Each structure stands twice: as C-alpha cells, then as structure tokens.
file start.tsv (TSV, C-alpha atoms and all ligand atoms)
chain	number	residue	atom	x	y	z
A	267	MET	CA	-5.83	-7.25	-27.83
A	268	THR	CA	-4.88	-3.56	-27.87
A	269	ASP	CA	-3.21	-1.98	-24.85
A	270	LEU	CA	-5.38	-0.25	-22.26
A	271	LYS	CA	-4.65	3.47	-22.12
A	272	GLY	CA	-4.01	5.03	-18.73
A	273	ALA	CA	-3.67	8.55	-17.34
A	274	LEU	CA	-1.61	9.25	-14.23
A	275	ILE	CA	-2.38	12.10	-11.82
A	276	GLY	CA	0.37	13.23	-9.44
A	277	CYS	CA	3.93	13.21	-10.77
A	278	GLY	CA	5.73	13.25	-7.41
A	279	PHE	CA	8.24	11.17	-5.47
A	280	PHE	CA	6.53	7.78	-5.76
A	281	ALA	CA	4.84	8.20	-9.16
A	282	VAL	CA	8.20	7.73	-10.88
A	283	ASN	CA	8.16	4.09	-9.73
A	284	GLN	CA	4.63	3.72	-11.07
A	285	MET	CA	5.66	5.20	-14.43
A	286	HIS	CA	8.64	2.82	-14.71
A	287	ALA	CA	6.37	-0.09	-13.80
A	288	TRP	CA	3.77	0.92	-16.43
A	289	ASN	CA	6.57	0.67	-19.02
A	290	ASP	CA	7.12	-2.97	-17.97
A	291	VAL	CA	3.47	-4.00	-17.54
A	292	GLU	CA	2.00	-6.00	-20.40
A	293	GLY	CA	-1.30	-4.77	-21.83
A	294	ALA	CA	-1.32	-1.11	-20.74
A	295	ARG	CA	0.50	2.16	-21.29
A	296	ILE	CA	0.26	5.70	-19.95
A	297	VAL	CA	-0.92	8.22	-22.55
A	298	ALA	CA	-1.48	11.32	-20.40
A	299	ILE	CA	-0.19	12.79	-17.13
A	300	CYS	CA	-1.41	15.51	-14.79
A	301	ASP	CA	0.16	17.52	-11.99
A	302	ARG	CA	-0.62	20.97	-10.72
A	303	ASP	CA	3.12	21.54	-10.22
A	304	PRO	CA	4.51	22.49	-13.68
A	305	GLU	CA	8.09	21.44	-12.87
A	306	ARG	CA	7.07	17.94	-11.80
A	307	LEU	CA	4.81	17.63	-14.83
A	308	LYS	CA	7.69	18.54	-17.13
A	309	THR	CA	10.24	16.30	-15.41
A	310	VAL	CA	8.05	13.19	-15.58
A	311	GLY	CA	6.68	14.05	-19.03
A	312	ASP	CA	10.20	14.44	-20.45
A	313	GLN	CA	11.60	11.38	-18.64
A	314	PHE	CA	8.86	9.06	-19.91
A	315	GLY	CA	8.10	10.75	-23.23
A	316	ILE	CA	4.46	11.61	-22.46
A	317	GLU	CA	3.13	14.43	-24.64
A	318	ARG	CA	-0.38	14.90	-23.26
A	319	ARG	CA	0.19	16.94	-20.08
A	320	TYR	CA	-2.41	18.63	-17.85
A	321	SER	CA	-2.19	20.91	-14.83
A	322	ASP	CA	-5.84	20.31	-13.97
A	323	ALA	CA	-7.57	16.96	-13.49
A	324	GLU	CA	-10.96	18.27	-14.70
A	325	ALA	CA	-9.33	19.21	-18.04
A	326	LEU	CA	-7.69	15.78	-18.26
A	327	PHE	CA	-11.03	13.99	-17.81
A	328	SER	CA	-12.83	16.37	-20.18
A	329	ASP	CA	-10.32	15.50	-22.92
A	330	GLY	CA	-10.72	11.79	-22.11
A	331	ARG	CA	-9.30	9.21	-24.54
A	332	PHE	CA	-8.04	6.88	-21.78
A	333	ASP	CA	-9.44	3.72	-20.17
A	334	PHE	CA	-8.24	4.09	-16.58
A	335	VAL	CA	-6.72	6.61	-14.21
A	336	ASP	CA	-3.85	6.03	-11.77
A	337	ILE	CA	-4.16	8.52	-8.88
A	338	ALA	CA	-0.70	8.97	-7.32
A	339	THR	CA	-1.34	12.18	-5.39
A	340	THR	CA	-1.22	12.54	-1.60
A	341	VAL	CA	-4.29	11.70	0.45
A	342	GLN	CA	-6.03	15.12	0.55
A	343	SER	CA	-7.00	14.86	-3.13
A	344	HIS	CA	-7.95	11.15	-3.21
A	345	ARG	CA	-11.67	11.55	-2.58
A	346	PRO	CA	-12.29	14.38	-5.09
A	347	LEU	CA	-10.23	12.63	-7.76
A	348	VAL	CA	-11.85	9.21	-7.29
A	349	GLU	CA	-15.28	10.86	-7.40
A	350	LEU	CA	-14.23	12.71	-10.56
A	351	ALA	CA	-13.27	9.38	-12.14
A	352	ALA	CA	-16.62	7.93	-11.08
A	353	ARG	CA	-18.50	10.85	-12.69
A	354	HIS	CA	-16.63	10.16	-15.94
A	355	LYS	CA	-17.09	6.37	-15.56
A	356	ILE	CA	-13.33	5.74	-15.72
A	357	ALA	CA	-11.84	2.79	-13.81
A	358	ALA	CA	-9.52	4.05	-11.07
A	359	ILE	CA	-6.47	3.08	-9.06
A	360	CYS	CA	-5.95	5.19	-5.93
A	361	GLN	CA	-2.75	5.34	-3.87
A	362	LYS	CA	-2.79	4.56	-0.15
A	363	PRO	CA	-3.80	5.89	2.32
A	364	PHE	CA	-7.10	5.54	0.53
A	365	ALA	CA	-8.74	8.49	2.31
A	366	LYS	CA	-8.57	10.84	5.27
A	367	SER	CA	-11.35	8.99	7.10
A	368	LEU	CA	-13.30	5.74	6.90
A	369	ALA	CA	-16.44	7.76	6.08
A	370	ASP	CA	-14.67	9.24	3.03
A	371	ALA	CA	-13.36	5.81	2.00
A	372	LYS	CA	-16.88	4.32	2.17
A	373	ALA	CA	-18.24	7.21	0.07
A	374	MET	CA	-15.53	6.60	-2.56
A	375	VAL	CA	-16.33	2.89	-2.79
A	376	GLU	CA	-20.03	3.69	-3.10
A	377	ALA	CA	-19.42	6.30	-5.82
A	378	CYS	CA	-17.49	3.76	-7.92
A	379	GLN	CA	-20.02	0.98	-7.31
A	380	ASN	CA	-22.86	3.30	-8.38
A	381	ALA	CA	-20.88	4.28	-11.49
A	382	GLY	CA	-20.15	0.61	-12.24
A	383	ILE	CA	-16.38	1.16	-12.41
A	384	PRO	CA	-13.57	-0.95	-10.91
A	385	LEU	CA	-11.63	0.72	-8.09
A	386	MET	CA	-8.34	-0.62	-6.74
A	387	VAL	CA	-6.26	0.82	-3.91
A	388	HIS	CA	-2.52	0.82	-4.67
A	389	GLU	CA	-1.81	-1.25	-1.53
A	390	ASN	CA	1.28	-2.88	-2.95
A	391	PHE	CA	3.04	-4.36	0.11
A	392	ARG	CA	1.07	-7.64	-0.02
A	393	TRP	CA	2.47	-8.03	-3.55
A	394	GLN	CA	6.09	-8.10	-2.34
A	395	ALA	CA	7.77	-11.39	-3.30
A	396	PRO	CA	8.61	-12.36	0.34
A	397	ILE	CA	5.02	-11.73	1.48
A	398	GLN	CA	3.68	-13.79	-1.41
A	399	ALA	CA	6.09	-16.58	-0.39
A	400	VAL	CA	4.74	-16.59	3.18
A	401	ARG	CA	1.16	-16.76	1.92
A	402	LYS	CA	2.09	-19.63	-0.43
A	403	ALA	CA	3.68	-21.61	2.42
A	404	LEU	CA	0.47	-21.20	4.46
A	405	GLU	CA	-1.70	-22.21	1.50
A	406	GLU	CA	0.45	-25.31	1.08
A	407	ASN	CA	-0.39	-26.15	4.69
A	408	ALA	CA	3.27	-26.04	5.73
A	409	ILE	CA	2.45	-25.23	9.38
A	410	GLY	CA	-1.16	-26.37	9.79
A	411	VAL	CA	-3.57	-23.82	11.29
A	412	PRO	CA	-1.84	-20.57	12.29
A	413	PHE	CA	-2.80	-19.36	15.79
A	414	TRP	CA	-0.32	-16.52	16.38
A	415	GLY	CA	1.60	-14.01	14.29
A	416	ARG	CA	3.88	-11.01	14.41
A	417	PHE	CA	4.28	-8.51	11.56
A	418	SER	CA	7.14	-6.19	12.31
A	419	PHE	CA	8.67	-3.15	10.59
A	420	ARG	CA	11.31	-1.48	12.77
A	421	SER	CA	13.73	0.92	11.15
A	422	GLY	CA	15.83	4.04	11.60
A	423	TYR	CA	15.63	4.97	7.90
A	424	ASP	CA	15.23	8.68	7.11
A	425	VAL	CA	11.89	8.42	5.34
A	426	PHE	CA	11.46	12.22	5.54
A	427	SER	CA	14.22	12.86	2.99
A	428	GLY	CA	12.04	11.55	0.14
A	429	GLN	CA	8.66	12.39	1.66
A	430	PRO	CA	9.09	15.61	3.74
A	431	TYR	CA	5.31	16.05	4.17
A	432	LEU	CA	5.29	13.04	6.50
A	433	ALA	CA	6.99	15.07	9.25
A	434	ALA	CA	4.14	17.59	9.33
A	435	GLN	CA	1.19	15.19	9.59
A	436	ASP	CA	-0.80	14.84	12.84
A	437	ARG	CA	-0.96	11.11	12.11
A	438	PHE	CA	2.23	9.50	10.84
A	439	ILE	CA	3.42	5.93	11.18
A	440	ILE	CA	0.12	4.03	11.35
A	441	GLU	CA	-1.48	6.04	8.54
A	442	ASP	CA	1.57	5.95	6.26
A	443	LEU	CA	3.44	2.71	6.97
A	444	GLY	CA	1.43	0.71	9.48
A	445	ILE	CA	-1.40	0.70	6.97
A	446	HIS	CA	0.76	-1.62	4.82
A	447	THR	CA	1.71	-3.82	7.78
A	448	LEU	CA	-1.93	-4.09	8.88
A	449	ASP	CA	-2.89	-5.04	5.32
A	450	ILE	CA	-0.23	-7.77	5.32
A	451	ALA	CA	-1.58	-9.09	8.65
A	452	ARG	CA	-5.08	-9.29	7.12
A	453	TYR	CA	-3.73	-10.89	3.95
A	454	ILE	CA	-1.90	-13.57	5.92
A	455	LEU	CA	-4.18	-14.25	8.92
A	456	GLY	CA	-7.54	-12.98	7.66
A	457	ASP	CA	-9.98	-10.28	8.71
A	458	VAL	CA	-9.92	-8.73	12.14
A	459	ARG	CA	-12.57	-8.50	14.88
A	460	ALA	CA	-10.90	-6.16	17.37
A	461	VAL	CA	-7.89	-3.87	17.73
A	462	THR	CA	-5.93	-2.68	20.77
A	463	ALA	CA	-3.07	-0.22	20.17
A	464	ARG	CA	-0.50	1.97	21.85
A	465	THR	CA	1.47	4.74	20.11
A	466	LYS	CA	4.39	7.03	20.87
A	467	ARG	CA	6.32	9.88	19.31
A	468	VAL	CA	10.07	9.61	19.96
A	469	ASN	CA	11.53	11.91	17.27
A	470	PRO	CA	10.91	15.45	18.57
A	471	LYS	CA	11.25	16.95	15.08
A	472	ILE	CA	8.04	15.45	13.72
A	473	LYS	CA	4.37	16.00	14.56
A	474	GLY	CA	2.81	12.54	14.52
A	475	GLU	CA	3.52	9.22	16.20
A	476	ASP	CA	6.55	7.24	15.01
A	477	VAL	CA	6.09	4.07	17.09
A	478	ALA	CA	3.01	1.85	17.29
A	479	THR	CA	2.25	-1.54	18.82
A	480	ILE	CA	-1.07	-3.04	17.74
A	481	LEU	CA	-2.77	-6.23	18.94
A	482	LEU	CA	-5.20	-7.82	16.45
A	483	ASP	CA	-7.92	-10.38	17.23
A	484	HIS	CA	-8.53	-12.14	13.92
A	485	GLN	CA	-11.93	-13.61	13.02
A	486	SER	CA	-10.22	-17.04	12.75
A	487	GLY	CA	-9.34	-16.93	16.44
A	488	ALA	CA	-5.66	-16.19	15.75
A	489	THR	CA	-3.94	-13.32	17.56
A	490	SER	CA	-1.26	-11.15	16.02
A	491	ILE	CA	0.94	-8.20	16.80
A	492	VAL	CA	1.74	-5.47	14.30
A	493	ASP	CA	4.67	-3.39	15.52
A	494	VAL	CA	6.14	-0.48	13.57
A	495	SER	CA	8.84	2.06	14.37
A	496	TYR	CA	10.91	4.66	12.52
A	497	VAL	CA	13.21	5.32	15.48
A	498	THR	CA	14.84	1.92	15.81
A	499	LYS	CA	18.57	1.99	15.14
A	500	LEU	CA	19.91	-1.46	14.40
A	501	SER	CA	23.36	-2.79	13.49
A	502	ARG	CA	21.98	-3.55	10.02
A	503	GLU	CA	19.26	-1.19	8.71
A	504	PRO	CA	16.42	-3.43	7.45
A	505	PHE	CA	14.36	-0.81	5.54
A	506	PRO	CA	11.95	-1.64	3.93
A	507	GLU	CA	11.64	-5.25	5.09
A	508	THR	CA	8.55	-6.52	6.91
A	509	LEU	CA	9.57	-9.37	9.20
A	510	ILE	CA	7.03	-12.09	9.96
A	511	GLU	CA	6.67	-14.74	12.63
A	512	LEU	CA	3.86	-17.28	12.44
A	513	ASP	CA	3.16	-20.15	14.82
A	514	GLY	CA	0.81	-22.87	13.59
A	515	SER	CA	-0.59	-26.16	14.87
A	516	ASP	CA	2.05	-28.10	12.90
A	517	GLY	CA	5.03	-25.77	12.68
A	518	THR	CA	6.39	-22.25	12.36
A	519	ILE	CA	7.29	-19.74	9.65
A	520	ARG	CA	9.89	-17.01	10.10
A	521	LEU	CA	10.62	-14.32	7.50
A	522	THR	CA	13.95	-13.00	8.74
A	523	PRO	CA	16.23	-10.09	7.73
A	524	GLY	CA	17.80	-10.49	4.29
A	525	TYR	CA	14.58	-12.03	2.91
A	526	GLN	CA	15.12	-15.52	4.32
A	527	LEU	CA	12.04	-17.72	4.74
A	528	GLU	CA	12.43	-20.43	7.36
A	529	VAL	CA	9.75	-23.11	7.63
A	530	THR	CA	9.91	-25.61	10.49
A	531	ASN	CA	7.57	-28.61	10.66
A	532	ALA	CA	7.65	-32.37	11.09
A	533	ARG	CA	9.93	-32.63	8.05
A	534	GLY	CA	12.57	-30.42	9.69
A	535	THR	CA	13.62	-26.86	8.90
A	536	HIS	CA	13.89	-25.55	5.34
A	537	THR	CA	15.29	-22.13	4.53
A	538	LEU	CA	14.49	-20.43	1.25
A	539	ASP	CA	15.93	-17.21	-0.18
A	540	VAL	CA	12.85	-15.16	-1.15
A	541	SER	CA	14.70	-11.97	-2.13
A	542	PRO	CA	12.88	-9.68	-4.53
A	543	LYS	CA	14.20	-9.19	-8.06
A	544	LEU	CA	16.19	-6.06	-8.83
A	545	LEU	CA	14.21	-4.72	-11.82
A	546	SER	CA	16.21	-2.81	-14.44
A	547	TRP	CA	15.02	0.59	-13.16
A	548	ALA	CA	15.04	-0.30	-9.46
A	549	SER	CA	17.57	0.57	-6.77
A	550	ARG	CA	18.37	-0.94	-3.37
A	551	PRO	CA	16.90	-0.90	-0.76
A	552	TRP	CA	13.69	0.16	-2.52
A	553	HIS	CA	13.73	-2.77	-4.98
A	554	ASN	CA	11.38	-4.83	-2.80
A	555	ILE	CA	8.73	-2.11	-2.95
A	556	GLN	CA	9.47	-1.35	-6.61
A	557	GLU	CA	8.93	-4.96	-7.67
A	558	SER	CA	5.60	-4.96	-5.82
A	559	VAL	CA	4.54	-1.82	-7.72
A	560	TYR	CA	5.09	-3.68	-10.97
A	561	ALA	CA	3.20	-6.73	-9.61
A	562	ILE	CA	0.11	-4.80	-8.46
A	563	GLN	CA	-0.09	-2.82	-11.71
A	564	GLN	CA	0.14	-6.03	-13.79
A	565	HIS	CA	-2.62	-7.48	-11.56
A	566	TRP	CA	-4.74	-4.35	-12.26
A	567	VAL	CA	-4.52	-4.91	-16.00
A	568	ASP	CA	-5.00	-8.69	-15.86
A	569	GLN	CA	-8.13	-8.40	-13.70
A	570	LEU	CA	-9.56	-5.52	-15.78
A	571	LYS	CA	-9.19	-7.64	-18.90
A	572	ARG	CA	-10.83	-10.70	-17.38
A	573	GLY	CA	-13.43	-8.67	-15.44
A	574	GLY	CA	-12.24	-10.08	-12.10
A	575	GLU	CA	-12.18	-8.51	-8.62
A	576	HIS	CA	-8.89	-6.90	-7.60
A	577	SER	CA	-7.07	-8.25	-4.55
A	578	THR	CA	-6.94	-4.76	-2.99
A	579	SER	CA	-10.25	-3.45	-4.36
A	580	GLY	CA	-11.73	-0.36	-2.71
A	581	ALA	CA	-14.18	-2.64	-0.85
A	582	ASP	CA	-11.35	-4.86	0.39
A	583	ASN	CA	-9.31	-1.87	1.49
A	584	LEU	CA	-12.12	-0.58	3.73
A	585	LYS	CA	-11.26	-3.51	6.02
A	586	THR	CA	-7.61	-2.43	6.18
A	587	PHE	CA	-8.47	1.25	6.52
A	588	ALA	CA	-10.81	0.45	9.43
A	589	LEU	CA	-7.81	-1.06	11.26
A	590	VAL	CA	-5.96	2.25	10.91
A	591	GLU	CA	-8.83	4.22	12.39
A	592	ALA	CA	-9.40	1.59	15.07
A	593	ALA	CA	-5.72	1.73	16.07
A	594	TYR	CA	-5.82	5.52	16.50
A	595	ASP	CA	-9.10	5.32	18.45
A	596	SER	CA	-7.74	2.55	20.65
A	597	ALA	CA	-4.51	4.41	21.43
A	598	ALA	CA	-6.37	7.66	22.16
A	599	GLY	CA	-8.93	6.07	24.47
A	600	HIS	CA	-6.86	3.16	25.87
A	601	LEU	CA	-9.62	0.80	24.80
A	602	THR	CA	-10.22	-2.19	22.56
A	603	VAL	CA	-12.09	-1.26	19.39
A	604	ASP	CA	-14.70	-3.49	17.73
A	605	VAL	CA	-13.72	-3.36	14.04
A	606	GLU	CA	-16.73	-5.22	12.67
A	607	ALA	CA	-19.01	-2.52	14.09
A	608	MET	CA	-17.14	0.09	12.02
A	609	LEU	CA	-17.74	-1.60	8.66
B	701	LIG	P1	4.48	13.86	-3.56
B	701	LIG	O1	4.02	15.03	-2.76
B	701	LIG	O2	5.93	13.71	-3.84
B	701	LIG	O3	3.72	13.83	-4.96
B	701	LIG	C1	2.36	14.11	-5.09
B	701	LIG	C2	2.17	14.91	-6.37
B	701	LIG	O4	0.77	15.08	-6.60
B	701	LIG	C3	2.77	16.32	-6.32
B	701	LIG	O5	3.62	16.50	-7.42
B	701	LIG	C4	1.55	17.26	-6.33
B	701	LIG	O6	1.79	18.47	-7.02
B	701	LIG	C5	0.53	16.38	-7.08
B	701	LIG	N1	-0.87	16.71	-6.77
B	701	LIG	C6	-1.46	16.73	-5.54
B	701	LIG	N2	-2.76	17.00	-5.66
B	701	LIG	C7	-3.02	17.14	-6.99
B	701	LIG	C8	-4.20	17.39	-7.74
B	701	LIG	N3	-5.38	17.57	-7.15
B	701	LIG	N4	-4.10	17.46	-9.09
B	701	LIG	C9	-2.90	17.28	-9.70
B	701	LIG	N5	-1.76	17.03	-9.03
B	701	LIG	C10	-1.82	16.96	-7.70
B	701	LIG	O7	3.91	12.58	-2.81
B	701	LIG	P2	4.46	11.07	-2.90
B	701	LIG	O8	5.48	10.87	-1.85
B	701	LIG	O9	4.76	10.72	-4.31
B	701	LIG	O10	3.17	10.28	-2.40
B	701	LIG	C11	2.02	10.18	-3.21
B	701	LIG	C12	1.13	9.10	-2.63
B	701	LIG	O11	1.82	7.86	-2.74
B	701	LIG	C13	0.81	9.26	-1.13
B	701	LIG	O12	-0.54	8.94	-0.91
B	701	LIG	C14	1.75	8.29	-0.43
B	701	LIG	O13	1.24	7.78	0.78
B	701	LIG	C15	1.85	7.20	-1.47
B	701	LIG	N6	3.07	6.40	-1.40
B	701	LIG	C16	2.91	5.06	-1.52
B	701	LIG	C17	4.01	4.22	-1.47
B	701	LIG	C18	3.77	2.75	-1.62
B	701	LIG	O14	4.66	1.95	-1.46
B	701	LIG	N7	2.55	2.35	-1.97
B	701	LIG	C19	5.29	4.76	-1.27
B	701	LIG	C20	5.42	6.14	-1.18
B	701	LIG	C21	4.29	6.96	-1.26
B	702	LIG	O1	4.47	3.45	1.57
B	702	LIG	C1	4.77	4.60	1.80
B	702	LIG	O2	3.96	5.47	1.66
B	702	LIG	C2	6.16	5.07	2.13
B	702	LIG	C3	7.12	4.12	2.73
B	702	LIG	C4	7.19	2.80	2.06
B	702	LIG	C5	8.50	4.72	2.79
B	702	LIG	O3	6.66	3.98	4.04
B	702	LIG	O4	6.04	6.19	2.98

call {"tool": "encode", "arguments": {"input": "start.tsv", "output": "structure tokens"}}
result
Amino acid sequence: MTDLKGALIGCGFFAVNQMHAWNDVEGARIVAICDRDPERLKTVGDQFGIERRYSDAEALFSDGRFDFVDIATTVQSHRPLVELAARHKIAAICQKPFAKSLADAKAMVEACQNAGIPLMVHENFRWQAPIQAVRKALEENAIGVPFWGRFSFRSGYDVFSGQPYLAAQDRFIIEDLGIHTLDIARYILGDVRAVTARTKRVNPKIKGEDVATILLDHQSGATSIVDVSYVTKLSREPFPETLIELDGSDGTIRLTPGYQLEVTNARGTHTLDVSPKLLSWASRPWHNIQESVYAIQQHWVDQLKRGGEHSTSGADNLKTFALVEAAYDSAAGHLTVDVEAML
C-alpha cells in the first residue's frame, strides 16, 4: 500500500518532534508544511527536506495533494484550522489543548462528523510506555477492581524556556499540563462524573495558576486525585514523569520515579523497569514524551488504514476537555461540578 501523504501546520517548538516521528512512522510521510513565520518555515523545511512550503493554510488546502493534516499550532488557531480541514474533507490531527472552550471543541467535533472525516487530538501522554504498562497490568487483573488512584506530576522544571507563551496565559497548568494528567486518569480509571478542584499561583512571574489539586469521582465508583505543580523543587527533578498510585480490591500498583512499576498482590511484589526507549532523535528528559509522539502518530496511520476509531478521537477528547473546564469552574466557585451535565 502506498504511503499516506500528510501536511503539517505550525513549525514551532513541539512540531520538530512530530516531524522526526513522521520520519519513523510506517505508512505515512509529510509532503507539505505551513507556518506564517517564514524563519520557522525555512528551518523546519530545510531540516526535514520538505519542498512544498506555505505561509497560509488556505493556500495549502487549495493546493491539496495530501491525505491528512497535522495541526501543531497553539490553541487560538485550532478551531479555524480544524474547520478548514473539514471544509476540504481532509482527515485531521489537532494538538492539545483541543480548543479554547468546550463549546468550540464540540463545534469542531460536529464539523468533522458532518464532513465524514476522522479527527484525532494529539493527546499523546496516554501513549507513554509507562502509562501503557500500568493499563496493561490493570487489564491483566493484577490488582482486582481499582477503587482509588493518584496521578501526580510535580516538578520545578523551567517549562517557559521552550514555551514562553505559557507564562502569559490566564490559564496555565490545568490547560497545558493537567489536561494530560486528567486524560491519563480517564484512560486508567474510566470516565468521570464530578470534579472538585483547588488552584494556586506560586510563581509571581507568570499569569496563570501553576498548582492544582483535583478530586475526580469516576463513573465506576473509584475516586482519584490529580495533582500537578510546576513549583515543586525536589532533590531529583522528575520532569516529565507522571507518577501513579492505584489501590485495588486485590493489590496495589505504584509507578515510581525512574519509571519503576511495582505491583503488589497475593503473589508478592514484582518490580518492572518500564523506562521509555531513547529514539535516535530523542533527548533526555524529553524521550518519554518523544516516544509517545511516535506511538500516537503510528496509531493515527494504523487506524486510518483500517478505518478504526482513534483512541483520542475528537469525541473522546471532549470528555477530557470537559474535566479541564470543570476544574477551572470548581476552583473559581469552590463547588463540585457535574461533568456529565456538560457533555
Ligand atoms: P510554538 O508557538 O512554538 O509553535 C506554533 C507555531 O505555529 C508557530 O511557529 C506559529 O507561527 C505557527 N502558527 C500559529 N498559528 C498559525 C496559523 N494559523 N497558520 C500557520 N502557522 C501558525 O508552539 P509549541 O510550543 O510548538 O506548541 C504548539 C502546540 O503543541 C500547542 O497547542 C501546545 O500545547 C502543544 N504541545 C503539546 C505537547 C505534547 O506533549 N502533546 C508538548 C508541547 C506543546
Ligand atoms: O504538553 C505540553 O504542552 C508541554 C509540556 C509537556 C512541557 O507540559 O507544555
């Protein structure tokens, strides 16, 4: 079968990982790129040998000759670009955060459904090797029925050096990072009924919140805590590891720093090294995220070819995005938010 042809829009900080991953993915290649910043367009075009270059997305779509689009711009442009893809009936991947609001996200899903095109949100964290290993242990019934969980990302890493725009956003850690952690919580313990959250800004140099503690009531009856911080200075900086604790009817799972998976049950305690691979183009400590970029992009191609639903389809991601909005509403009003009523 011939390779699917892709076009990538947004040649910024993170898109370089996506371009490297497209080189590794089987069954697809990038044939055109677009960025309104000429320097970024040139840098990425030269680095990856892409000749078809556009400064305007409308011109890219008018020229066509590609099967899917990979939207790697920041959130402000996600809705117009996804709707542009829908108008041209081109299958689309859209980076997280999917949209500025749940209303926008719902409109984007509807536009793609009406156009009959697949839409996947690039929500890659659930594709990290350690997260997949936790899910596998649960599926193998290693701890029985889980009734409690904690999904924790606490770091002092200077995330603003690579992504300076994050310091200027009214909403920061839940919208940018917590969105991944909330998605992992859903992926591991299932959909959520209600959210209660508290937030704080500790770093005086940024605009949004950099600490959040979120209590989730899952539909299964399990309870979990998602806690995220970018102002936590530890003896060993764990960025970008998500740590997990799960208690089940027959045992416990702990994903501990250094990518160690500890499973305790009637058979005793077994510890497994679930470290991500260091891909040829990857660099520590980002290799965990970089490997998951490759994994989600391969999944995109595999599901497109077999006509299957994507794990983080637009429709699926509405349920994660609702948790983000619910967390902000809960923190602002000091109330518990009914998530099901939002969907
Ligand atoms: P960036 O600002 O470095 O890059 C965005 C690029 O898009 C810029 O070069 C900009 O000129 C271009 N652009 C914006 N609007 C455009 C438009 N309408 N047409 C053409 N070009 C346009 O941002 P970034 O840090 O690379 O982040 C991009 C997205 O990736 C964000 O949504 C961010 O949240 C997400 N991200 C995801 C992960 C992850 O692990 N999934 C990690 C980092 C960033
Ligand atoms: O996913 C993101 O958008 C990034 C990072 C992984 C650093 O939080 O901001």

call {"tool": "closest_residue", "arguments": {"input": "start.tsv", "among": "A:Ala358, A:Leu544, A:Cys277, A:Val291", "to": "Ser579 of chain A", "atoms": "all atoms listed in the file"}}
result
A:Ala358

call {"tool": "atom_distance", "arguments": {"input": "start.tsv", "atom1": "atom O3 of ligand LIG 702 (chain B)", "atom2": "atom CA of Arg295 of chain A"}}
result
26.1 Å

call {"tool": "atom_distance", "arguments": {"input": "start.tsv", "atom1": "atom CA of Leu307 of chain A", "atom2": "atom CA of Phe327 of chain A"}}
result
16.5 Å

call {"tool": "residues_around", "arguments": {"input": "start.tsv", "residues": "Glu511 of chain A", "least_positions_apart": "2", "cutoff": "6 Å", "atoms": "all atoms listed in the file", "output": "NGL selection string"}}
result
:A and (415-416 or 519-520)

call {"tool": "atom_distance", "arguments": {"input": "start.tsv", "atom1": "atom CA of Leu385 of chain A", "atom2": "atom CA of Pro363 of chain A"}}
result
14.0 Å

call {"tool": "residues_near_ligand", "arguments": {"input": "start.tsv", "ligand": "ligand LIG 701 (chain B)", "cutoff": "9 Å", "atoms": "only C-alpha atoms and all ligand atoms", "output": "PyMOL selection string"}}
result
chain A and resi 275-283+300-307+320-324+337-344+346-347+360-365+388-391+428-432+441-443+446+555-556+558-559

call {"tool": "closest_residue", "arguments": {"input": "start.tsv", "among": "A:Phe505, A:Phe314, A:Trp288, A:Tyr453", "to": "ligand LIG 702 (chain B)", "atoms": "only C-alpha atoms and all ligand atoms"}}
result
A:Phe505

call {"tool": "axis_aligned_box", "arguments": {"input": "start.tsv", "around": "segment 563-572 of chain A", "padding_each_side": "3 Å", "output": "AutoDock Vina command-line options"}}
result
--center_x -5.3 --center_y -6.8 --center_z -15.2 --size_x 17.0 --size_y 13.9 --size_z 13.3

call {"tool": "closest_residue", "arguments": {"input": "start.tsv", "among": "A:Ile439, A:Ala593, A:Val603, A:Ala478", "to": "ligand LIG 702 (chain B)", "atoms": "only C-alpha atoms and all ligand atoms"}}
result
A:Ile439

call {"tool": "closest_residue", "arguments": {"input": "start.tsv", "among": "A:Val310, A:Ala408, A:Ile454, A:Ile299", "to": "Trp393 of chain A", "atoms": "all atoms listed in the file"}}
result
A:Ile454

call {"tool": "residues_around", "arguments": {"input": "start.tsv", "residues": "Met267 of chain A", "least_positions_apart": "5", "cutoff": "12 Å", "atoms": "all atoms listed in the file", "output": "list in words"}}
result
Glu292, Gly293, Ala294 and Lys571 of chain A

call {"tool": "closest_residue", "arguments": {"input": "start.tsv", "among": "A:Glu406, A:Ile383, A:Ser515, A:Ile445", "to": "Lys355 of chain A", "atoms": "only C-alpha atoms"}}
result
A:Ile383

call {"tool": "residues_around", "arguments": {"input": "start.tsv", "residues": "Leu448 of chain A", "least_positions_apart": "5", "cutoff": "9 Å", "atoms": "all atoms listed in the file", "output": "compact mmCIF listing (two decimals) with C-alpha atoms, in the frame of the given file"}}
result
# COMPACT_ATOMS: atom_id res chain seq x y z
CA PHE A 417 4.28 -8.51 11.56
CA ILE A 440 0.12 4.03 11.35
CA LEU A 443 3.44 2.71 6.97
CA TYR A 453 -3.73 -10.89 3.95
CA ILE A 480 -1.07 -3.04 17.74
CA VAL A 492 1.74 -5.47 14.30
CA THR A 586 -7.61 -2.43 6.18
CA PHE A 587 -8.47 1.25 6.52
CA LEU A 589 -7.81 -1.06 11.26
CA VAL A 590 -5.96 2.25 10.91

call {"tool": "decode", "arguments": {"input": "start.tsv", "residues": "segment 377-404 of chain A", "atoms": "C-alpha atoms", "output": "PDB file, in the first residue's frame"}}
result
ATOM      1  CA  ALA A 377     -17.847  19.862  11.823  1.00  0.00           C
ATOM      2  CA  CYS A 378     -15.674  16.779  11.252  1.00  0.00           C
ATOM      3  CA  GLN A 379     -18.560  14.359  11.815  1.00  0.00           C
ATOM      4  CA  ASN A 380     -20.697  16.278   9.299  1.00  0.00           C
ATOM      5  CA  ALA A 381     -17.803  16.226   6.808  1.00  0.00           C
ATOM      6  CA  GLY A 382     -17.287  12.488   7.421  1.00  0.00           C
ATOM      7  CA  ILE A 383     -13.595  12.900   8.277  1.00  0.00           C
ATOM      8  CA  PRO A 384     -11.593  11.315  11.115  1.00  0.00           C
ATOM      9  CA  LEU A 385     -10.391  13.745  13.791  1.00  0.00           C
ATOM     10  CA  MET A 386      -7.798  12.830  16.424  1.00  0.00           C
ATOM     11  CA  VAL A 387      -6.484  15.038  19.214  1.00  0.00           C
ATOM     12  CA  HIS A 388      -2.713  14.746  19.686  1.00  0.00           C
ATOM     13  CA  GLU A 389      -3.173  13.738  23.346  1.00  0.00           C
ATOM     14  CA  ASN A 390       0.000  11.703  23.491  1.00  0.00           C
ATOM     15  CA  PHE A 391       0.616  11.210  27.234  1.00  0.00           C
ATOM     16  CA  ARG A 392      -1.573   8.077  27.445  1.00  0.00           C
ATOM     17  CA  TRP A 393       0.737   6.599  24.791  1.00  0.00           C
ATOM     18  CA  GLN A 394       3.816   6.844  27.039  1.00  0.00           C
ATOM     19  CA  ALA A 395       5.339   3.396  27.640  1.00  0.00           C
ATOM     20  CA  PRO A 396       4.974   3.575  31.472  1.00  0.00           C
ATOM     21  CA  ILE A 397       1.295   4.583  31.215  1.00  0.00           C
ATOM     22  CA  GLN A 398       0.635   1.753  28.770  1.00  0.00           C
ATOM     23  CA  ALA A 399       2.327  -0.618  31.247  1.00  0.00           C
ATOM     24  CA  VAL A 400       0.001   0.491  34.065  1.00  0.00           C
ATOM     25  CA  ARG A 401      -3.050  -0.010  31.859  1.00  0.00           C
ATOM     26  CA  LYS A 402      -1.793  -3.474  30.846  1.00  0.00           C
ATOM     27  CA  ALA A 403      -1.333  -4.508  34.491  1.00  0.00           C
ATOM     28  CA  LEU A 404      -4.926  -3.445  35.227  1.00  0.00           C
TER      29      LEU A 404
END
